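Beneath this line is the structure, given in structure tokens, with notes to follow.
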Amino acid sequence: MQQYLKDGYLSLVELKSGGNNTKTISEKAQFFIAEKVNNKSTKITSYVELQLLIEEELGEKVFYGALYSH
């Protein structure tokens with residue numbers, strides 16, 4: 001009730017989920033992904049497979065959520 005009186009109705013219905021969990025992919029990894037996706041001879045069937053390729057070939061740890069949102 002105090003929040004409603006202080007900040008109004010919109011403050012009660014505003015979505016405030018998330019936090020500081022920003023998922024990012026380096027420029028090097030983005031270029032790598034674009035190169036692999038545009039290469040007709042590359043057969044990537046899943047985000048997990050792409051994640052492993054990035055780890056093996058670039059030595060970078062990329063989280064699944066970052067790949068999925070990219």
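Residues in the structure tokens are numbered from 1 in each chain, the chains being A, B, ... in the order shown, and ligands are numbered from 1 in the order shown.
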* **Spatial neighbours of Thr24 of chain A, max dist 9 Å, only C-alpha atoms, sep filter under 4 positions, as a PyMOL selection string** => chain A and resi 62-63+66-67+70
Preceding selection exported with C-alpha atoms as a short mmCIF file (atom, residue, chain, number, x, y, z; two decimals), in the first residue's frame:
```
data_model
loop_
_atom_site.label_atom_id
_atom_site.label_comp_id
_atom_site.auth_asym_id
_atom_site.auth_seq_id
_atom_site.Cartn_x
_atom_site.Cartn_y
_atom_site.Cartn_z
CA VAL A 62 30.26 -18.70 -24.40
CA PHE A 63 27.10 -19.39 -22.45
CA ALA A 66 24.05 -15.73 -25.00
CA LEU A 67 24.09 -17.87 -28.13
CA HIS A 70 22.20 -13.82 -30.46
#
```
* Asked: Leaving out segment 31-48 of chain A and any residue of its chain fewer than 4 positions from it, which residues lie within 12 Å of it when counting only C-alpha atoms, given as a ChimeraX atom specification?
  -> /A:25-27,52-70
